[in-house]
Number of protein chains: 2
Amino acid sequence: MAERSAPAELPVVVLSHRGPVSFTRQSGRRTVQRGGGGLVTALVGLAGRLTDAVWVCAASTSEDVKVMRENDDTAVGVVMQPQPHLATESDDDEQALQVRMVELDTQAHDDFYGVISNPLLWFLQHGMYGLSAAPNIDSATRSAFFDGYLAVNEVFAAAVVEEVRARGGKALVMLHDYHFYPVAGVVRRECPDVVLSHFVHIPWPGPDGWRVLPPDLREPLLRGLLGNDVVAFHTEAFARNFLLCAQELLQLPVDYERMTVQVGERTVAARYYPISVDVDALADMAASEDVERNVRRMEENLLAEGRKLIVRVDRTDPSKNIVRGFLAFETLLEQHPELVGDVTFLAFLQPSRQDVQEYADYLARIGATVARINARFAHEGHEPVDLRLQEDLSTAMAAYAVCDVLMVNSLADGMNLVAKEAVTVSRRDGVLALSESTGAFEELGHFAVTLYPFDIQQQADALWRALTMGPAERRDRRSAAAAVVAENHIGKWLATQLADLTELTGLPIPSVEE
Amino acid sequence: MAERSAPAELPVVVLSHRGPVSFTRQSGRRTVQRGGGGLVTALVGLAGRLTDAVWVCAASTSEDVKVMRENDDTAVGVVMQPQPHLATESDDDEQALQVRMVELDTQAHDDFYGVISNPLLWFLQHGMYGLSAAPNIDSATRSAFFDGYLAVNEVFAAAVVEEVRARGGKALVMLHDYHFYPVAGVVRRECPDVVLSHFVHIPWPGPDGWRVLPPDLREPLLRGLLGNDVVAFHTEAFARNFLLCAQELLQLPVDYERMTVQVGERTVAARYYPISVDVDALADMAASEDVERNVRRMEENLLAEGRKLIVRVDRTDPSKNIVRGFLAFETLLEQHPELVGDVTFLAFLQPSRQDVQEYADYLARIGATVARINARFAHEGHEPVDLRLQEDLSTAMAAYAVCDVLMVNSLADGMNLVAKEAVTVSRRDGVLALSESTGAFEELGHFAVTLYPFDIQQQADALWRALTMGPAERRDRRSAAAAVVAENHIGKWLATQLADLTELTGLPIPSVEE
């Protein structure tokens, strides 16, 4: 482990909607859960190394609210290891991560989260609207934007400003994702000496995509982001699209060589850092008894009699392109009848946002498509699609481990960590079949069978190629892909950002080892 | 009129799907109709000035086919003035425009036109697909592309090559629109000494838009276009998107300052020239007795008792955003009940491509929306929406002349000439309410009330502002807009392109007076 940062380093304020922990009450006792995802892993790692770091996030449970009220809405110390708990006197102070959970008005938060962030910004940024019919921006949408999204952002920005001021007005502020585009603008105005970076984890479309919003809705988002020193994305194309938006929608001068935009006296850089998985943690989990048990079960059932296995793991989000994936599989069975009965498509699909009509409709289309294919190609008790509408990490891990083909055919995907997880965990040199429209394609496309996500026939052909690939080629591709993931691990993602910020600002930004 | 070009000037070969004339048989006699649109006007004007020019187009009627067969598939001379007719010995040879109509296999042409050009390329380039459900590119689409679109393009390219070779291999070749993206590649290969330009009349989306097609479909289009010296669009944003596609989809080096892309030894320029209307011809037509009669009728009916009139003139294409226009009008009546009975929305909507499901569905949605609004806001015998599902140029002209507001709220529109026609023809200083997502907005946006096409409330507010604008402001805006249209007339559109080609190549490109 690296040594603790010298005190001269800037304190760090992190903002993300979901925090590193969440509190609940179970059987009358307060309990603490660790938040999921690579972001938490990476930033907990960073925060644990710093003398002074605070993580601002939403209070997401009533117990979170209670904890904050008991603490007069100031940050609480949380110790993450071995099990997360509120810091007590017996804990080493320096072990504690400061967490500030922001309590929000329910109606405003619903508008912020359930109307604007999801689905509006999510759909817009993934290009998922059928524009001739949706969205219709009406007075209700506008209220949700101004009284929900912007108002909630003011509350979060105020919390960030307070934390920065408590640290003498100098800090590195790291903002995350599409919930918080306006925050940097406020923080920059109130605390001109901060270093600000915002990481956007989902795709950033070009100006035409953003014209779905009228200027009084899109400009506060863009101008907010331009309060940062660095606006970061997963891919170069997203970063370039951001510059195009600054140029076309705000008439600002941009430099496509340096990847910067000029905002008055300030220069804002657009950068890209592909996020990754925590390879060590993943390896540990894949070796767990739970996963082993599931692997054995799959070997005995799904893989019995030399059957082949195609796997996908996704939320039931239209951007994941699940229906076309099944249509491609159907075309494969139609054109290669010898495969019927000998290949199973195991799909772990976690139902998502079912209160949103488009998501409910999409799940229905998935069900209808699977039923048709299974009826059509059922063979001696074998159904070709094994659809599991639930989240079960341990079974998914087992499926990564043993599958012949892992399918990721997203229409648009900021990164897609499933692809990185699967090549890391695979034990049978599963072939990655990967959409060109994922962020992960920049790193892994060379070792994958490419999927062109609108082309059913091409995807059927690609699945055929993947299923029939020889063992040597499977091994070479899989090990090369796994090596790339191991090289560009989650620690490097963060270390590179911090190193760039240091170079860009000349300030004592904390550093981490890769 | 300018003098005839000196013989040293390069001959010109024009290619567009619709030609300057079409032949039919009526009562046993061969008759000739002039093609419509500003393109025909501009290029007939050019061709008429040249010693040697030929226009290649599709044979679109059985009589076209007969004419070509009688002439052994070589170009025929057509005299355009005063009425178009086949040139005879009594015509001055130099008056004749050479027209070569290409006969095509019916199935291949249906695939070329009815499957790929419309709707696939049209929808893709206007961003009209709801991508979670369409398009599904399957083996039928792929056949239509390779055996239809590409095959038909080979036929047209061969005709162009023949015409170029007949002229010693040196010519200026001017290609038009989304039907013919692959042509320049073939012509460049076969006739390396030509000067090639391709004008794209519809929007050009960024790389994400084009990723709807897999590489073996999109690359022949892009590479074909890169056979040109100049690829031209209506707006700077479209030209920039083209460069982005060359960079991201073909990994070619581009220069955003010079707006060029490097293709091996060759430099291809992306340029923009906003097309316009023939202001003089328009003025003549607007002054015709037919239009006068329609004006009087409207004054007596629609404008009686001081009623206000909103007008729109469009094909029933989803990209025209007709339904949201009516929803905005409904919101206007809802929020300003004093307007009920006092304002009429006259909509001339020409049914379009009803054999395509999306278009049939869209027309149905238009009908349903209008019925609802008229039922809801009928007032003492007055229905607020006057829907006319037909094309009637003379009535449309009259409506341009007398309306209070002309609405153009397209979601995506290469140029939109309705806006330019209306400000030219208006006699009552009609206010132009214009979508920011039209090509015309670059020139006319400053004088229009801007419409943000997804925002129903904003469009309702903009209609209110337009309806209540004072006469002085109406006059100032209208006359300024008309002056811009008069300045950037159709002759200038062509003259600027030719002047740029001369500068770019240093070759004796014909010139025209603006």
# chains A, B, ... in the order shown; residues from 1 in each chain; ligands from 1
call {"tool": "closest_atom_pairs", "arguments": {"of": "chain B", "to": "chain A", "cutoff": "9 Å", "atoms": "only C-alpha atoms", "output": "Markdown table"}}
result
| residue | atom | partner | partner_atom | distance |
| --- | --- | --- | --- | --- |
| B:Gly127 | CA | A:Leu131 | CA | 7.5 |
| B:Met128 | CA | A:Leu131 | CA | 5.9 |
| B:Tyr129 | CA | A:Gly130 | CA | 5.7 |
| B:Gly130 | CA | A:Gly130 | CA | 3.4 |
| B:Leu131 | CA | A:Met128 | CA | 5.9 |
| B:Ser132 | CA | A:Pro318 | CA | 5.5 |
| B:Ala133 | CA | A:Val323 | CA | 8.3 |
| B:Ala134 | CA | A:Phe454 | CA | 7.9 |
| B:Pro135 | CA | A:Phe454 | CA | 6.5 |
| B:Asn136 | CA | A:Phe454 | CA | 5.6 |
| B:Ile137 | CA | A:Asp455 | CA | 4.4 |
| B:Asp138 | CA | A:Gln457 | CA | 5.1 |
| B:Ser139 | CA | A:Gln457 | CA | 5.9 |
| B:Arg142 | CA | A:Gln457 | CA | 8.6 |
| B:Pro205 | CA | A:Asp208 | CA | 8.0 |
| B:Gly206 | CA | A:Gly206 | CA | 7.2 |
| B:Asp208 | CA | A:Pro205 | CA | 8.0 |
| B:Arg211 | CA | A:Ser437 | CA | 7.9 |
| B:Val212 | CA | A:Phe454 | CA | 5.8 |
| B:Leu213 | CA | A:Phe454 | CA | 6.9 |
| B:Pro214 | CA | A:Tyr452 | CA | 5.5 |
| B:Pro215 | CA | A:Tyr452 | CA | 8.1 |
| B:Ala237 | CA | A:Glu248 | CA | 7.7 |
| B:Glu248 | CA | A:Ala237 | CA | 7.7 |
| B:Tyr256 | CA | A:Tyr256 | CA | 7.7 |
| B:Pro318 | CA | A:Ser132 | CA | 5.5 |
| B:Ser319 | CA | A:Ser132 | CA | 6.6 |
| B:Lys320 | CA | A:Ser132 | CA | 8.7 |
| B:Asn321 | CA | A:Ser132 | CA | 6.6 |
| B:Val323 | CA | A:Ala133 | CA | 8.3 |
| B:Arg324 | CA | A:Asn136 | CA | 7.6 |
| B:Tyr362 | CA | A:Ser132 | CA | 8.6 |
| B:Leu411 | CA | A:Ser132 | CA | 7.8 |
| B:Ala412 | CA | A:Asp208 | CA | 8.9 |
| B:Glu436 | CA | A:Arg211 | CA | 8.6 |
| B:Ser437 | CA | A:Arg211 | CA | 7.9 |
| B:Leu451 | CA | A:Pro214 | CA | 8.8 |
| B:Tyr452 | CA | A:Pro214 | CA | 5.5 |
| B:Pro453 | CA | A:Val212 | CA | 7.6 |
| B:Phe454 | CA | A:Asn136 | CA | 5.6 |
| B:Asp455 | CA | A:Ile137 | CA | 4.4 |
| B:Ile456 | CA | A:Asp138 | CA | 5.3 |
| B:Gln457 | CA | A:Asp138 | CA | 5.1 |
| B:Gln458 | CA | A:Asp138 | CA | 8.0 |
call {"tool": "residues_around", "arguments": {"residues": "range 22-26 of chain B", "least_positions_apart": "4", "cutoff": "7 Å", "atoms": "only C-alpha atoms", "output": "list of chain:residue names"}}
result
B:Arg30, B:Thr31, B:Val32, B:Gln33, B:Arg34, B:Gly35, B:Thr61, B:Glu63, B:Asp64
call {"tool": "residues_around", "arguments": {"residues": "range 388-393 of chain A", "least_positions_apart": "3", "cutoff": "7 Å", "atoms": "only C-alpha atoms", "output": "JSON, numbers by chain"}}
result
{"A": [347, 348, 349, 350, 351, 396, 397]}
call {"tool": "residues_around", "arguments": {"residues": "Ala232 in chain B", "least_positions_apart": "3", "cutoff": "12 Å", "atoms": "only C-alpha atoms", "output": "PyMOL selection string"}}
result
chain B and resi 174-178+196-204+225-226+228-229+235-243+259-260+268-275+414+493-494+496-498+500-501
call {"tool": "select_by_dssp", "arguments": {"residues": "range 29-237 of chain B", "states": "helix (DSSP H, G or I)", "output": "PyMOL selection string"}}
result
chain B and resi 38-49+62-70+93-95+106-126+139-165+183-190+207-210+215-225+236-237
call {"tool": "residues_around", "arguments": {"residues": "Thr41 in chain A", "least_positions_apart": "5", "cutoff": "12 Å", "atoms": "only C-alpha atoms", "output": "list in words"}}
result
Gly19, Pro20, Val21, Arg34, Gly35, Gly36, Leu46, Ala47, Gly48, Met80, Ile275, Ser276, Val277, Asp278, Val279, Asp280, Ala281, Leu282, His489, Ile490, Gly491, Trp493 and Leu494 of chain A
call {"tool": "select_by_dssp", "arguments": {"residues": "range 5-196 of chain A", "states": "strand (DSSP E)", "output": "MDAnalysis selection string"}}
result
chainID A and resid 12:15 21:26 29:34 53:58 76:79 85:86 97:102 172:176 195:196
call {"tool": "write_last_selection", "arguments": {"atoms": "N, CA and C atoms", "output": "short mmCIF file (atom, residue, chain, number, x, y, z; two decimals), in the first residue's frame"}}
result
data_model
loop_
_atom_site.label_atom_id
_atom_site.label_comp_id
_atom_site.auth_asym_id
_atom_site.auth_seq_id
_atom_site.Cartn_x
_atom_site.Cartn_y
_atom_site.Cartn_z
N VAL A 12 -10.44 16.07 -0.87
CA VAL A 12 -11.26 15.60 -1.98
C VAL A 12 -12.72 15.55 -1.55
N VAL A 13 -13.58 16.10 -2.42
CA VAL A 13 -15.02 16.00 -2.21
C VAL A 13 -15.60 15.23 -3.40
N VAL A 14 -16.22 14.11 -3.10
CA VAL A 14 -16.83 13.28 -4.15
C VAL A 14 -18.33 13.46 -4.10
N LEU A 15 -18.97 13.52 -5.29
CA LEU A 15 -20.44 13.54 -5.33
C LEU A 15 -20.93 12.47 -6.29
N VAL A 21 -22.21 3.74 1.14
CA VAL A 21 -22.96 2.90 2.09
C VAL A 21 -24.41 3.38 2.13
N SER A 22 -25.26 2.51 2.65
CA SER A 22 -26.63 2.90 2.93
C SER A 22 -27.06 2.21 4.21
N PHE A 23 -27.90 2.92 4.98
CA PHE A 23 -28.32 2.38 6.28
C PHE A 23 -29.75 1.85 6.19
N THR A 24 -30.00 0.76 6.88
CA THR A 24 -31.38 0.28 7.02
C THR A 24 -31.56 -0.18 8.47
N ARG A 25 -32.79 -0.46 8.82
CA ARG A 25 -33.06 -0.97 10.16
C ARG A 25 -33.62 -2.39 10.00
N GLN A 26 -32.95 -3.33 10.59
CA GLN A 26 -33.39 -4.72 10.50
C GLN A 26 -33.51 -5.30 11.89
N ARG A 29 -32.39 -3.17 14.64
CA ARG A 29 -30.98 -2.72 14.70
C ARG A 29 -30.60 -1.99 13.43
N ARG A 30 -29.82 -0.95 13.57
CA ARG A 30 -29.29 -0.22 12.42
C ARG A 30 -28.21 -1.06 11.75
N THR A 31 -28.35 -1.25 10.44
CA THR A 31 -27.31 -1.99 9.72
C THR A 31 -26.81 -1.16 8.55
N VAL A 32 -25.63 -1.49 8.09
CA VAL A 32 -24.98 -0.71 7.04
C VAL A 32 -24.67 -1.65 5.87
N GLN A 33 -25.10 -1.24 4.65
CA GLN A 33 -24.72 -2.00 3.46
C GLN A 33 -23.72 -1.20 2.63
N ARG A 34 -22.80 -1.92 2.07
CA ARG A 34 -21.85 -1.31 1.15
C ARG A 34 -22.56 -1.09 -0.19
N ALA A 53 -11.18 13.51 3.12
CA ALA A 53 -12.05 13.26 1.98
C ALA A 53 -13.48 13.11 2.48
N VAL A 54 -14.41 13.59 1.69
CA VAL A 54 -15.81 13.44 2.06
C VAL A 54 -16.60 13.05 0.81
N TRP A 55 -17.56 12.19 1.03
CA TRP A 55 -18.37 11.69 -0.07
C TRP A 55 -19.80 12.17 0.14
N VAL A 56 -20.27 12.99 -0.79
CA VAL A 56 -21.64 13.51 -0.73
C VAL A 56 -22.52 12.63 -1.62
N CYS A 57 -23.67 12.22 -1.11
CA CYS A 57 -24.57 11.37 -1.88
C CYS A 57 -25.99 11.60 -1.38
N ALA A 58 -26.95 10.95 -2.03
CA ALA A 58 -28.35 11.10 -1.60
C ALA A 58 -28.63 10.19 -0.42
N VAL A 76 -20.86 11.90 8.43
CA VAL A 76 -20.57 10.90 9.46
C VAL A 76 -19.36 10.08 9.02
N GLY A 77 -18.63 9.58 10.02
CA GLY A 77 -17.49 8.72 9.71
C GLY A 77 -17.98 7.29 9.52
N VAL A 78 -17.55 6.66 8.45
CA VAL A 78 -17.91 5.28 8.19
C VAL A 78 -16.62 4.49 7.99
N VAL A 79 -16.51 3.38 8.68
CA VAL A 79 -15.36 2.50 8.46
C VAL A 79 -15.83 1.37 7.54
N HIS A 85 -19.32 0.03 8.99
CA HIS A 85 -20.05 0.45 10.19
C HIS A 85 -19.73 1.91 10.49
N LEU A 86 -20.62 2.53 11.26
CA LEU A 86 -20.35 3.91 11.70
C LEU A 86 -19.13 3.91 12.58
N LEU A 97 -14.11 6.92 6.50
CA LEU A 97 -14.49 7.69 5.32
C LEU A 97 -15.64 8.61 5.73
N GLN A 98 -15.52 9.89 5.41
CA GLN A 98 -16.59 10.81 5.75
C GLN A 98 -17.69 10.73 4.69
N VAL A 99 -18.92 10.53 5.14
CA VAL A 99 -20.04 10.39 4.22
C VAL A 99 -21.13 11.39 4.60
N ARG A 100 -21.53 12.18 3.62
CA ARG A 100 -22.62 13.14 3.87
C ARG A 100 -23.77 12.79 2.95
N MET A 101 -24.86 12.35 3.57
CA MET A 101 -26.03 11.97 2.78
C MET A 101 -27.02 13.12 2.80
N VAL A 102 -27.50 13.51 1.64
CA VAL A 102 -28.34 14.71 1.51
C VAL A 102 -29.80 14.30 1.49
N LEU A 172 -10.25 19.26 -4.33
CA LEU A 172 -10.56 18.60 -5.59
C LEU A 172 -11.98 18.06 -5.47
N VAL A 173 -12.86 18.52 -6.37
CA VAL A 173 -14.25 18.06 -6.34
C VAL A 173 -14.46 17.12 -7.52
N MET A 174 -14.91 15.90 -7.24
CA MET A 174 -15.11 14.90 -8.29
C MET A 174 -16.60 14.55 -8.37
N LEU A 175 -17.22 15.00 -9.44
CA LEU A 175 -18.66 14.83 -9.62
C LEU A 175 -18.93 13.65 -10.55
N HIS A 176 -20.07 13.00 -10.35
CA HIS A 176 -20.35 11.81 -11.15
C HIS A 176 -21.75 11.78 -11.76
N VAL A 195 -10.63 22.69 -7.77
CA VAL A 195 -10.41 21.94 -9.00
C VAL A 195 -11.63 21.04 -9.16
N LEU A 196 -12.24 21.11 -10.33
CA LEU A 196 -13.50 20.39 -10.54
C LEU A 196 -13.39 19.43 -11.71
#
